[in-house]
Amino acid sequence: MADEISTLMANSKGKVVLLRLRNDKTLQGVLQNFDIHMNLTLETAEDITEEKHEQLGKILLRGDNLLAVSLPEEES
Amino acid sequence: MADEISTLMANSKGKVVLLRLRNDKTLQGVLQNFDIHMNLTLETAEDITEEKHEQLGKILLRGDNLLAVSLPEEES
Amino acid sequence: MADEISTLMANSKGKVVLLRLRNDKTLQGVLQNFDIHMNLTLETAEDITEEKHEQLGKILLRGDNLLAVSLPEEES
Amino acid sequence: MADEISTLMANSKGKVVLLRLRNDKTLQGVLQNFDIHMNLTLETAEDITEEKHEQLGKILLRGDNLLAVSLPEEES
Amino acid sequence: MADEISTLMANSKGKVVLLRLRNDKTLQGVLQNFDIHMNLTLETAEDITEEKHEQLGKILLRGDNLLAVSLPEEES
Amino acid sequence: MADEISTLMANSKGKVVLLRLRNDKTLQGVLQNFDIHMNLTLETAEDITEEKHEQLGKILLRGDNLLAVSLPEEES
Amino acid sequence: MADEISTLMANSKGKVVLLRLRNDKTLQGVLQNFDIHMNLTLETAEDITEEKHEQLGKILLRGDNLLAVSLPEEES
């Protein structure tokens with residue numbers, strides 16, 4: 001990731017992010033960490049694809065499964 | 001990206017771009033940033049595939065999901 | 001790309017090229033630029049897959065979606 | 001993997017992890033080892049996708065088949 | 001490509017080759033050039049998958065779409 | 001592969017391993033050799049997916065087709 | 001490929017090998033050459049998937065289409 005994109009991700013640490021996956025699932029959780037491959041660790045992650053959410057706990061998601069990450073709006 | 005393609009993308013920062021994805025979805029948003037993998041950050045992104053648009057807010061899109069980016073015409 | 005293939009692409013700049021994509025779509029446009037990943041920028045691009053063409057304007061196409069590029073015959 | 005993600009994985013060695021695979025299967029086992037490609041070795045692995053679990057014994061899983069790893073909560 | 005495979009391809013320049021693609025199509029044309037990614041340029045290419053051949057003219061084919069290239073027998 | 005994973009594979013040489021492939025097939029054979037891409041050579045390999053096993057003889061399997069390798073329990 | 005796997009392939013030059021492809025086809029031919037990507041050249045290749053074999057002549061097969069290569073037993 002370019003520095004600016006990396007900074008943006010870093011600013012989202014400790015905040016809730018929404019992950020849209022390539023397999024059409026949507027996960028939500030608190031961003032804990034990430035690396036240059038967009039591998040992400042989330043705490044209190046849940047699969048919110050279906051109406052009934054599935055608790056996943058602490059997960060490490062491989063970045064190549066990601067479609068997009070919805071980031072929290074930065075407070076200025 | 002080659003320098004010239006990178007410049008073209010850089011000129012689109014702050015402007016509305018249309019993203020055609022490999023999964024046949026179409027997103028629209030204001031281009032904020034990008035890197036050499038074509039990872040993009042968009043503000044006020046929305047999924048405009050269906051007639052009823054879905055608001056996505058600020059997103060980071062992984063470049064490998066992209067088919068094409070429709071760029072704004074450069075004003076000269 | 002090898003130098004000779006790169007030269008061939010360079011000779012096609014400013015000319016109309018036909019792009020056959022891996023998703024079975026066919027695009028047409030004026031080749032503006034390209035890089036070693038075959039990322040291409042096209043002006044006045046259109047999707048000519050269906051009988052009714054769809055105007056795409058200026059686009060940046062990710063090279064990994066390409067099947068083949070039909071190049072204009074070089075005038076000698 | 002970034003150092004912090006790697007540390008997190010290292011902290012899970014000897015503990016039970018849950019692997020969600022890209023082919024929609026779910027495996028469970030005791031994490032023995034891993035590398036930067038997220039190739040993992042598990043002991044007493046089992047495929048728990050179906051109600052009737054299938055014993056797999058000691059396995060080496062190629063990392064590119066992984067969707068996500070559910071990690072044990074760290075005790076502090 | 002290894003040197004010997006590269007030499008074999010080089011010996012096929014200016015000759016008709018048959019390309020079997022991963023999408024089950026078959027193309028035929030005069031090999032003009034190639035690079036280490038097996039990107040190929042063909043002249044007077046045609047899609048001969050169906051009984052009615054489709055003329056493609058001069059094309060640049062991305063190597064990652066190739067299954068196999070049928071090479072002309074070398075005359076000795 | 002990390003050194004420890006590599007050691008584990010090395011310890012399996014000359015022993016029967018079970019290969020689960022990404023195409024849902026299961027192969028069995030005596031591990032002869034492997035490399036860092038997890039390309040494997042097996043002797044007396046057989047496809048045991050169906051009840052009627054198919055003899056494959058000595059094979060070289062490309063590592064990118066692997067889902068997981070079931071390793072023999074190490075005797076201590 | 002590791003040196004030992006490479007040696008094994010080298011020992012198969014000039015001999016008949018059986019190629020199982022990722023697209024479920026099976027080819028047979030005399031191995032002429034190979035490189036580190038497992039790109040292979042075969043002489044008198046034929047597609048033996050169906051009962052009626054299809055003659056392919058001399059071919060260059062891209063290695064990323066390979067599932068496995070059945071090697072001839074080495075005579076000692």
# chains A, B, ... in the order shown; residues from 1 in each chain; ligands from 1

call {"tool": "closest_atom_pairs", "arguments": {"of": "range 5-26 of chain B", "to": "range 9-27 of chain A", "cutoff": "12 Å", "atoms": "only C-alpha atoms", "output": "Markdown table"}}
result
| residue | atom | partner | partner_atom | distance |
| --- | --- | --- | --- | --- |
| B:Leu21 | CA | A:Arg22 | CA | 10.9 |
| B:Arg22 | CA | A:Arg22 | CA | 10.0 |
| B:Asn23 | CA | A:Arg22 | CA | 8.3 |
| B:Asp24 | CA | A:Arg22 | CA | 11.9 |
| B:Lys25 | CA | A:Asp24 | CA | 11.5 |

call {"tool": "residues_around", "arguments": {"residues": "Ala45 in chain C", "least_positions_apart": "6", "cutoff": "10 Å", "atoms": "only C-alpha atoms", "output": "PyMOL selection string"}}
result
(chain B and resi 70) or (chain C and resi 16-18+27-31+53-60)

call {"tool": "residues_around", "arguments": {"residues": "range 34-36 of chain F", "least_positions_apart": "2", "cutoff": "10 Å", "atoms": "only C-alpha atoms", "output": "ChimeraX atom specification"}}
result
/F:1-2,6,9-10,13,31-32,38-42,60-63 /G:1-6

call {"tool": "write_last_selection", "arguments": {"atoms": "N, CA and C atoms", "output": "PDB file, in the first residue's frame"}}
result
ATOM      1  N   MET F   1       8.468 -22.014   2.121  1.00  0.00           N
ATOM      2  CA  MET F   1       8.070 -22.579   3.409  1.00  0.00           C
ATOM      3  C   MET F   1       9.074 -22.182   4.487  1.00  0.00           C
ATOM      4  N   ALA F   2       8.550 -21.960   5.648  1.00  0.00           N
ATOM      5  CA  ALA F   2       9.437 -21.663   6.768  1.00  0.00           C
ATOM      6  C   ALA F   2      10.281 -22.905   7.044  1.00  0.00           C
ATOM      7  N   SER F   6       9.356 -26.829   6.456  1.00  0.00           N
ATOM      8  CA  SER F   6      10.201 -27.572   5.522  1.00  0.00           C
ATOM      9  C   SER F   6      10.781 -28.829   6.189  1.00  0.00           C
ATOM     10  N   MET F   9       8.132 -31.456   6.391  1.00  0.00           N
ATOM     11  CA  MET F   9       7.939 -32.121   5.103  1.00  0.00           C
ATOM     12  C   MET F   9       9.102 -33.090   4.865  1.00  0.00           C
ATOM     13  N   ALA F  10      10.304 -32.636   5.156  1.00  0.00           N
ATOM     14  CA  ALA F  10      11.490 -33.476   4.940  1.00  0.00           C
ATOM     15  C   ALA F  10      11.386 -34.761   5.751  1.00  0.00           C
ATOM     16  N   LYS F  13       9.521 -37.614   4.025  1.00  0.00           N
ATOM     17  CA  LYS F  13      10.047 -38.273   2.825  1.00  0.00           C
ATOM     18  C   LYS F  13      10.107 -39.785   3.046  1.00  0.00           C
ATOM     19  N   LEU F  31       5.863 -39.919  -0.447  1.00  0.00           N
ATOM     20  CA  LEU F  31       6.524 -38.647  -0.727  1.00  0.00           C
ATOM     21  C   LEU F  31       7.990 -38.871  -1.047  1.00  0.00           C
ATOM     22  N   GLN F  32       8.372 -38.394  -2.219  1.00  0.00           N
ATOM     23  CA  GLN F  32       9.756 -38.567  -2.617  1.00  0.00           C
ATOM     24  C   GLN F  32      10.530 -37.270  -2.436  1.00  0.00           C
ATOM     25  N   MET F  38       5.963 -26.139  -2.897  1.00  0.00           N
ATOM     26  CA  MET F  38       5.168 -27.311  -2.531  1.00  0.00           C
ATOM     27  C   MET F  38       4.898 -28.214  -3.730  1.00  0.00           C
ATOM     28  N   ASN F  39       5.666 -28.035  -4.802  1.00  0.00           N
ATOM     29  CA  ASN F  39       5.645 -29.051  -5.847  1.00  0.00           C
ATOM     30  C   ASN F  39       6.145 -30.333  -5.203  1.00  0.00           C
ATOM     31  N   LEU F  40       5.454 -31.432  -5.459  1.00  0.00           N
ATOM     32  CA  LEU F  40       5.779 -32.689  -4.788  1.00  0.00           C
ATOM     33  C   LEU F  40       6.005 -33.792  -5.803  1.00  0.00           C
ATOM     34  N   THR F  41       6.920 -34.676  -5.529  1.00  0.00           N
ATOM     35  CA  THR F  41       6.986 -35.910  -6.306  1.00  0.00           C
ATOM     36  C   THR F  41       6.594 -37.067  -5.393  1.00  0.00           C
ATOM     37  N   LEU F  42       5.746 -37.907  -5.955  1.00  0.00           N
ATOM     38  CA  LEU F  42       5.222 -39.062  -5.225  1.00  0.00           C
ATOM     39  C   LEU F  42       5.533 -40.327  -6.006  1.00  0.00           C
ATOM     40  N   LEU F  60       4.654 -35.950 -10.530  1.00  0.00           N
ATOM     41  CA  LEU F  60       5.078 -34.643 -10.045  1.00  0.00           C
ATOM     42  C   LEU F  60       3.813 -33.805  -9.988  1.00  0.00           C
ATOM     43  N   LEU F  61       3.441 -33.378  -8.785  1.00  0.00           N
ATOM     44  CA  LEU F  61       2.225 -32.577  -8.608  1.00  0.00           C
ATOM     45  C   LEU F  61       2.607 -31.121  -8.410  1.00  0.00           C
ATOM     46  N   ARG F  62       1.977 -30.232  -9.168  1.00  0.00           N
ATOM     47  CA  ARG F  62       2.224 -28.791  -8.964  1.00  0.00           C
ATOM     48  C   ARG F  62       1.604 -28.353  -7.652  1.00  0.00           C
ATOM     49  N   GLY F  63       2.387 -27.666  -6.849  1.00  0.00           N
ATOM     50  CA  GLY F  63       1.958 -27.284  -5.511  1.00  0.00           C
ATOM     51  C   GLY F  63       0.735 -26.394  -5.451  1.00  0.00           C
TER      52      GLY F  63
ATOM     53  N   MET G   1      11.658 -24.984  -9.476  1.00  0.00           N
ATOM     54  CA  MET G   1      11.703 -26.349  -8.978  1.00  0.00           C
ATOM     55  C   MET G   1      13.002 -26.594  -8.215  1.00  0.00           C
ATOM     56  N   ALA G   2      12.907 -27.386  -7.198  1.00  0.00           N
ATOM     57  CA  ALA G   2      14.117 -27.750  -6.467  1.00  0.00           C
ATOM     58  C   ALA G   2      15.003 -28.569  -7.398  1.00  0.00           C
ATOM     59  N   ASP G   3      16.259 -28.617  -7.083  1.00  0.00           N
ATOM     60  CA  ASP G   3      17.209 -29.314  -7.943  1.00  0.00           C
ATOM     61  C   ASP G   3      16.826 -30.769  -8.177  1.00  0.00           C
ATOM     62  N   GLU G   4      16.365 -31.420  -7.114  1.00  0.00           N
ATOM     63  CA  GLU G   4      16.060 -32.844  -7.268  1.00  0.00           C
ATOM     64  C   GLU G   4      14.835 -33.080  -8.148  1.00  0.00           C
ATOM     65  N   ILE G   5      13.858 -32.184  -8.023  1.00  0.00           N
ATOM     66  CA  ILE G   5      12.687 -32.317  -8.880  1.00  0.00           C
ATOM     67  C   ILE G   5      13.089 -32.012 -10.315  1.00  0.00           C
ATOM     68  N   SER G   6      13.937 -31.019 -10.467  1.00  0.00           N
ATOM     69  CA  SER G   6      14.422 -30.653 -11.796  1.00  0.00           C
ATOM     70  C   SER G   6      15.194 -31.814 -12.438  1.00  0.00           C
TER      71      SER G   6
END

call {"tool": "select_by_dssp", "arguments": {"residues": "chain F", "states": "alpha helix (DSSP H)", "output": "count of residues only"}}
result
9

call {"tool": "select_by_dssp", "arguments": {"residues": "chain C", "states": "strand (DSSP E or B)", "output": "ChimeraX atom specification"}}
result
/C:16-21,26-34,40-47,54-61,66-71

call {"tool": "atom_distance", "arguments": {"atom1": "CA of Glu73 in chain B", "atom2": "CA of Glu43 in chain B"}}
result
19.3 Å

call {"tool": "atom_distance", "arguments": {"atom1": "CA of Ile48 in chain F", "atom2": "CA of Val69 in chain F"}}
result
14.1 Å

call {"tool": "closest_residue", "arguments": {"among": "C:Leu71, C:Asn33, C:Leu8, C:Glu50", "to": "chain B", "atoms": "only C-alpha atoms"}}
result
C:Asn33
